[in-house]
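For reference, the structure is listed below as structure tokens.
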There are 2 protein chains.
Amino acid sequence: MSTPIQETIHQMGRQARAAAYKLAQLTSCEKNAILHAMAAAMRGSAPVMLAANARDLASGSEKGLSPAMLDRLRLDEPRIEAMAAGIDQVATLPDPVGQVMDAWERPNGIRIEQVRVPIGTIGIIYESRPNVTADAAALCFKTGNATILRGGSEAIHSNLAIAAALASAGAPEHAIQLVPFTDRESVAALAGMDKWLDLIIPRGGKSLIETVVSLARMPVIKHYDGVCHLFVDKAADLAMAVALTVDSKTQKCGVCNALETLLVHRDIAPAFLPQAAAALRAKNVELRGCAQTRAILAGRVTGFQPVSDGGHPAWREKSSGWKPAPPNRQDSCSPSIIPATEDDWSTEYLDLILSIKVVGSPEEAVSHINTYGSHHTDVIVTANEATAERFLREVDSACVFHNVSTRFADGGEFGFGAEIGISTDKLHARGPMGLRELTSYQYRVRGNGQTKAG
Amino acid sequence: MSTPIQETIHQMGRQARAAAYKLAQLTSCEKNAILHAMAAAMRGSAPVMLAANARDLASGSEKGLSPAMLDRLRLDEPRIEAMAAGIDQVATLPDPVGQVMDAWERPNGIRIEQVRVPIGTIGIIYESRPNVTADAAALCFKTGNATILRGGSEAIHSNLAIAAALASAGAPEHAIQLVPFTDRESVAALAGMDKWLDLIIPRGGKSLIETVVSLARMPVIKHYDGVCHLFVDKAADLAMAVALTVDSKTQKCGVCNALETLLVHRDIAPAFLPQAAAALRAKNVELRGCAQTRAILAGRVTGFQPVSDGGHPAWREKSSGWKPAPPNRQDSCSPSIIPATEDDWSTEYLDLILSIKVVGSPEEAVSHINTYGSHHTDVIVTANEATAERFLREVDSACVFHNVSTRFADGGEFGFGAEIGISTDKLHARGPMGLRELTSYQYRVRGNGQTKAG
């Protein structure tokens, strides 16, 4: 027996499937015209949306949502205009649907084409930001997919108003549907409906993703944490290493492609760490270091001098090992570094905090990243091409960078024009997901009567 | 608290991950040499495998397995040679790992490469055929993936012997592991282990796949039924349509790309069905028809004549509708056709049985296929290019064919050289899966110090 919520959601699923077949037949031109009409409808519905949003804000205040939560929930004219402009922008992007990915002929004369087609029906389950409603719906619509959106309870009135505006713009009926329920049962009903939903994308915190993963019978594309690393190799250019560290950590710290752990080759650490620490502290970054990091930044490690390493500048310890520092030497004049715990190595701070570890070799850096990282984005800074290539090949992450800030792990920076998220999965889509990653493919084969029996 | 079985399987998972990192670094040359050594080890271990297989066969007989099941379980010299030759063949295929799928430069000078990499660790859960152990392990090894194989209880001794032979050939330790348990708890343990397994591929019947889908926290690539259709359009060449129908149904009937439902345009049905029925009956195919099919094959429908349809030969009814036949006319001399029930339209017979339905238009055929089919492989036979193109575009299946037998939906026929299965999923891999579909990708980005802040 199914509950009323399940019945409603299954009905939405059947409707989405029917809409998907209509959507798949629209030309790019038709879809783009509807997208522009959606943007216009968003602008035209601004007063309605603001009123709906005011209800959400009022009940959010009553429930005691934090100022940050209320700000995420808030719509205003500029934010509505940004959503509309985003939809207009999606209309201008190339349509991947119908692209021939590969084509070949077999000796028996059959001609095989691998052609991009829409995935079909996509469920988006998200939390408080109402702009996801417009962003996700536009990207899925552009790629010919029908969407069922299920947003959080805080934004339900805003989401309903946005979905109504989008649906009024001439898209096939049920191409964009918003679930009117915000309880957990509606998530379970969506996640169990593998006959009608081809894919679920959860957009939100870890507990939301975990819930969807444990319930879902269909594929889920996950956007988990970004525990991103930057490894400063012994052959790094010092100024570049400092600049990339500061940019990766501070250019925007609350995002998944921000730097969380800095790994530093032992041979360059005494030269690099004091400069990096000064630059990071100037940006108010709290540092949490391993014992060696703390020893260096406390000035307790001495006796290094530059040596040559295959033509690259590098640093080596002049005498063996770490010297115990004279008591209190310099400690009083350098700010103390918080000791990093085991937990720090796998923490996504999303804040002005950086963990730092000194490692003995690029191999140790790779091993640390593959063990503690989230397989999102990891960087090596080095002038040694061979070391760089090996790092890129051995780090098991969606994005591996050489001499580039972590912050470039982004669909926009990659030139995708739009991004539905950054997948930490390895199947179907990995890393920044643009329109192409919202498609599947189909083999179209043409012959003239070929039979297997010959 | 975890059970001993869970602990063993989690330990295998950790070992698989470590092995995967080693495997990912092997060159194609190194992998191919090991594959050839695996084939040699298979040949060298034939006596051991046959002894192990004899134990499985003996306990299978005791348990009362059917002769067909026992035959599937049986190893003999030719079958062992076939497995070994299959591994040698995989060694000769091009290695997708390391291929640059796409490469571009951004205006800021960063150079982005999308490179194929192994998926990592793959669980294969399968039933009675021991050859899956060798086939799946070889394909996964070639693509740099570590595998954990979990076969059925009937074949456990055979599987252990095969896995031991494979593991003795110089692959990194734990690259190929066989789960020594065959109970359901071991499936649950594998399916819950998303930290250590990147993908599960169940190979077997629907209930096995359903079990894995409901338990799995990681992506599952499913190989469900093939309820494949062939639609004979009114503009079909009659002889070609008959030949393709017979080939699709009878060239091999126990496979997922065999024809299960024949759809026939109303206008060509009176000319086509008697010829097709005669040819199918000559191959001992049982026919189950809709009312119109039965009426035509009973000779109760008359009054058709060929007319022209846009230059293509076609058939139209001369007078309106279906005429009630004179009582008993011809019925006695034509074999009776079993009435098709609603269930027939979604049944994969895997046998010499064919359901037949007369439809009024290509649109009705498409709608029937999208409703009742399994989105595997569907064919249109027509001389009308426009009708064909529309069919290919509107049918929501992995393989859509024009004037080609369903039996060509196969990795070998597509030229992939090897096949791990035919995916009925839309995400990651759809349709025949070769080596390429056993890979993921990674973005490798190279710059010279680019920062987002500029």
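Each chain in the structure tokens gets a letter, A, B and so on, in the order shown; residues start at 1 in every chain, and ligands are counted from 1 in the order they appear.
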Contact table range 23-138 of chain B vs range 420-437 of chain B, cut-off 8 Å, shortest pair per residue, only C-alpha atoms, as a tab-separated table:
```
residue	atom	partner	partner_atom	distance
B:Asp95	CA	B:Leu435	CA	7.7
B:Pro96	CA	B:Arg436	CA	5.7
B:Asp135	CA	B:Ile420	CA	7.8
B:Ala136	CA	B:Ile420	CA	6.5
```
Helix (DSSP H, G or I) call set, DSSP backbone run, range 103-339 of chain B, as JSON, numbers by chain: {"B": [131, 132, 133, 134, 135, 136, 137, 138, 139, 140, 141, 142, 153, 154, 155, 156, 157, 158, 159, 160, 161, 162, 163, 164, 165, 166, 167, 184, 185, 186, 187, 188, 189, 190, 191, 192, 206, 207, 208, 209, 210, 211, 212, 213, 214, 215, 238, 239, 240, 241, 242, 243, 244, 245, 246, 247, 248, 249, 250, 269, 270, 271, 272, 273, 274, 275, 276, 277, 278, 279, 280, 281, 282, 291, 292, 293, 294, 295, 296, 297, 331, 332, 333]}
Within 8 Å of chain B, which residues of chain A show up? Give each one with its shortest atom-to-atom distance in Å (one decimal) and the two atoms involved, counting only C-alpha atoms, rows by chain then rising residue number, as a Markdown table.
```
| residue | atom | partner | partner_atom | distance |
| --- | --- | --- | --- | --- |
| A:Tyr21 | CA | B:Glu394 | CA | 7.4 |
| A:Ala24 | CA | B:Glu394 | CA | 7.7 |
| A:Gln25 | CA | B:Glu394 | CA | 7.3 |
| A:Arg106 | CA | B:Phe414 | CA | 7.3 |
| A:Ile110 | CA | B:Val404 | CA | 7.6 |
| A:Ile112 | CA | B:Phe414 | CA | 7.6 |
| A:Ile119 | CA | B:Lys426 | CA | 6.4 |
| A:Asp198 | CA | B:Lys426 | CA | 7.3 |
| A:Leu199 | CA | B:Leu427 | CA | 7.9 |
| A:Val213 | CA | B:Arg217 | CA | 6.0 |
| A:Ser214 | CA | B:Arg217 | CA | 6.1 |
| A:Arg217 | CA | B:Val213 | CA | 6.0 |
| A:Pro219 | CA | B:Pro219 | CA | 6.2 |
| A:Val220 | CA | B:Pro219 | CA | 7.6 |
| A:Met240 | CA | B:Gly449 | CA | 5.7 |
| A:Ala241 | CA | B:Gly449 | CA | 8.0 |
| A:Ala243 | CA | B:Thr451 | CA | 7.4 |
| A:Leu244 | CA | B:Thr451 | CA | 6.1 |
| A:Asp247 | CA | B:Thr451 | CA | 5.9 |
| A:Ser248 | CA | B:Thr451 | CA | 7.7 |
| A:Gln251 | CA | B:Ala453 | CA | 6.1 |
| A:Leu392 | CA | B:Arg444 | CA | 6.5 |
| A:Arg393 | CA | B:Gln25 | CA | 7.7 |
| A:Glu394 | CA | B:Gln25 | CA | 7.2 |
| A:Ser397 | CA | B:Gln442 | CA | 6.9 |
| A:Ala398 | CA | B:Gln442 | CA | 4.9 |
| A:Cys399 | CA | B:Tyr443 | CA | 4.8 |
| A:Val400 | CA | B:Arg444 | CA | 5.0 |
| A:Phe401 | CA | B:Val445 | CA | 4.7 |
| A:His402 | CA | B:Arg446 | CA | 4.8 |
| A:Asn403 | CA | B:Gly449 | CA | 4.9 |
| A:Val404 | CA | B:Gln450 | CA | 5.1 |
| A:Ser405 | CA | B:Thr451 | CA | 5.3 |
| A:Arg407 | CA | B:Lys452 | CA | 6.3 |
| A:Phe408 | CA | B:Lys452 | CA | 6.8 |
| A:Glu413 | CA | B:Arg106 | CA | 7.9 |
| A:Phe414 | CA | B:Arg106 | CA | 7.2 |
| A:Gly415 | CA | B:Arg106 | CA | 7.2 |
| A:Lys426 | CA | B:Ser440 | CA | 5.8 |
| A:Leu427 | CA | B:His428 | CA | 5.6 |
| A:His428 | CA | B:His428 | CA | 3.7 |
| A:Ala429 | CA | B:His428 | CA | 7.4 |
| A:Arg430 | CA | B:Tyr441 | CA | 6.9 |
| A:Gly431 | CA | B:Tyr443 | CA | 7.5 |
| A:Ser440 | CA | B:Lys426 | CA | 5.8 |
| A:Tyr441 | CA | B:Arg430 | CA | 6.9 |
| A:Gln442 | CA | B:Ala398 | CA | 4.9 |
| A:Tyr443 | CA | B:Cys399 | CA | 4.8 |
| A:Arg444 | CA | B:Val400 | CA | 5.1 |
| A:Val445 | CA | B:Phe401 | CA | 4.7 |
| A:Arg446 | CA | B:His402 | CA | 4.8 |
| A:Gly447 | CA | B:Asn403 | CA | 5.2 |
| A:Asn448 | CA | B:Asn403 | CA | 5.3 |
| A:Gly449 | CA | B:Asn403 | CA | 4.9 |
| A:Gln450 | CA | B:Val404 | CA | 5.1 |
| A:Thr451 | CA | B:Ser405 | CA | 5.3 |
| A:Lys452 | CA | B:Arg407 | CA | 6.3 |
| A:Ala453 | CA | B:Gln251 | CA | 6.1 |
```
Expected file: the selected residues, C-alpha atoms, as a tab-separated table (two decimals), in the first residue's frame:
```
chain	number	residue	atom	x	y	z
A	21	TYR	CA	10.07	11.94	-24.21
A	24	ALA	CA	14.06	14.82	-26.06
A	25	GLN	CA	12.44	15.79	-29.36
A	106	ARG	CA	32.18	-2.42	-39.43
A	110	ILE	CA	26.85	-1.64	-40.54
A	112	ILE	CA	27.58	2.69	-35.84
A	119	ILE	CA	19.58	11.15	-19.50
A	198	ASP	CA	17.12	7.88	-13.99
A	199	LEU	CA	19.38	9.88	-11.69
A	213	VAL	CA	22.90	7.33	-1.05
A	214	SER	CA	21.52	4.89	1.49
A	217	ARG	CA	17.96	2.57	-6.07
A	219	PRO	CA	22.45	6.23	-9.73
A	220	VAL	CA	23.37	9.15	-7.47
A	240	MET	CA	54.91	30.97	-6.88
A	241	ALA	CA	54.37	28.46	-4.08
A	243	ALA	CA	51.15	32.91	-4.09
A	244	LEU	CA	49.35	29.66	-5.01
A	247	ASP	CA	45.17	32.10	-3.42
A	248	SER	CA	44.03	28.50	-2.92
A	251	GLN	CA	40.56	33.75	-2.48
A	392	LEU	CA	49.49	14.05	-11.75
A	393	ARG	CA	49.50	10.37	-12.67
A	394	GLU	CA	49.55	8.97	-9.15
A	397	SER	CA	41.62	12.79	-7.68
A	398	ALA	CA	39.15	14.29	-10.13
A	399	CYS	CA	41.39	17.32	-10.70
A	400	VAL	CA	45.17	17.20	-10.46
A	401	PHE	CA	46.98	20.48	-11.07
A	402	HIS	CA	50.54	21.52	-11.69
A	403	ASN	CA	51.41	25.11	-10.72
A	404	VAL	CA	47.78	26.24	-10.68
A	405	SER	CA	45.54	27.38	-7.79
A	407	ARG	CA	40.35	27.49	-7.13
A	408	PHE	CA	40.41	26.72	-10.87
A	413	GLU	CA	37.07	28.13	-15.13
A	414	PHE	CA	37.21	24.98	-17.25
A	415	GLY	CA	35.12	26.77	-19.87
A	426	LYS	CA	34.31	8.28	-10.53
A	427	LEU	CA	31.41	6.88	-12.51
A	428	HIS	CA	29.63	8.79	-15.26
A	429	ALA	CA	30.90	12.22	-14.25
A	430	ARG	CA	34.01	13.16	-12.32
A	431	GLY	CA	35.04	16.66	-11.34
A	440	SER	CA	23.78	9.89	-21.74
A	441	TYR	CA	24.32	8.31	-25.16
A	442	GLN	CA	22.71	5.87	-27.52
A	443	TYR	CA	24.13	3.70	-30.30
A	444	ARG	CA	22.39	4.33	-33.60
A	445	VAL	CA	23.22	1.62	-36.13
A	446	ARG	CA	22.27	1.69	-39.79
A	447	GLY	CA	22.53	-1.21	-42.20
A	448	ASN	CA	20.91	-2.76	-45.23
A	449	GLY	CA	19.58	-6.02	-43.93
A	450	GLN	CA	22.65	-7.50	-42.20
A	451	THR	CA	21.91	-10.72	-40.35
A	452	LYS	CA	24.19	-12.46	-37.90
A	453	ALA	CA	23.64	-15.85	-39.51
```
Mind checking DSSP for range 362-439 of chain A and telling me the strand (DSSP E or B) residues as a PyMOL selection string? chain A and resi 377-381+399-404+421-423+431-433+439
Would you mind telling me which residue in A:Leu178, A:Ala51, A:Cys256, A:Ala41 lies nearest to Asp88 in chain A when using only C-alpha atoms? A:Ala41
Give the answer as one residue: which of B:Val232, B:Ile201, B:Ile148, B:Leu23 has the shortest atom-to-atom distance to Ser186 in chain B, using only C-alpha atoms?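 Result for the nearest residue to Ser186 in chain B: B:Ile148.
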Write out as a PyMOL selection string which residues come within 8 Å of Gly151 in chain A when counting only C-alpha atoms, dropping same-chain ones fewer than 5 positions away. chain A and resi 124-128+130+133+156+159+178-179+182
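With CA of Leu93 in chain B on one side and CA of Cys253 in chain B on the other, the separation reads 28.8 Å.
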Within 12 Å of Glu173 in chain A using only C-alpha atoms, minus same-chain residues under 4 positions, as a list in words: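 With the cut-off at 12 Å, the set is Met12, Gln15, Ala16, Arg17, Ala18, Ala19, Ala20, Tyr21, Lys22, Leu23, Ala146, Thr147, Ala164, Leu166, Ala167, Ser168, Ala169 and Gln177 of chain A.
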Work out how far CA of Val97 in chain A is from CA of Gly144 in chain A, in Å to one decimal. 7.5 Å
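For Leu73 in chain A, the set of protein, DNA and RNA residues having any atom at most 8 Å away, when counting only C-alpha atoms and skipping those fewer than 3 positions along the same chain, is A:Asn53, A:Asp56, A:Leu57, A:Met69, A:Leu70, A:Ser128, A:Arg129, A:Pro130, A:Glu154, A:Ala155.
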Take the residues from that selection and write them out as a short mmCIF file (atom, residue, chain, number, x, y, z; two decimals), in the first residue's frame, keeping N, CA and C atoms.
```cif
data_model
loop_
_atom_site.label_atom_id
_atom_site.label_comp_id
_atom_site.auth_asym_id
_atom_site.auth_seq_id
_atom_site.Cartn_x
_atom_site.Cartn_y
_atom_site.Cartn_z
N ASN A 53 8.98 34.68 -0.73
CA ASN A 53 10.22 34.62 0.03
C ASN A 53 10.06 35.28 1.41
N ASP A 56 8.78 32.78 3.75
CA ASP A 56 9.83 31.86 4.20
C ASP A 56 10.74 32.53 5.23
N LEU A 57 11.09 33.79 4.97
CA LEU A 57 11.99 34.49 5.89
C LEU A 57 11.34 34.67 7.26
N MET A 69 22.00 31.48 7.62
CA MET A 69 20.96 30.69 6.97
C MET A 69 19.91 31.60 6.34
N LEU A 70 19.52 32.63 7.09
CA LEU A 70 18.51 33.54 6.56
C LEU A 70 19.05 34.25 5.33
N SER A 128 18.70 24.73 1.45
CA SER A 128 17.99 26.00 1.66
C SER A 128 18.05 27.03 0.53
N ARG A 129 19.04 27.00 -0.35
CA ARG A 129 19.15 28.08 -1.32
C ARG A 129 18.09 27.98 -2.42
N PRO A 130 17.20 28.94 -2.54
CA PRO A 130 16.18 28.83 -3.59
C PRO A 130 16.74 28.93 -5.00
N GLU A 154 12.61 25.22 4.53
CA GLU A 154 12.76 26.66 4.79
C GLU A 154 12.37 27.49 3.58
N ALA A 155 12.61 26.94 2.37
CA ALA A 155 12.44 27.74 1.15
C ALA A 155 11.22 27.34 0.35
#
```
Between CA of Ala418 in chain B and CA of Gln89 in chain B lies a distance of 8.4 Å
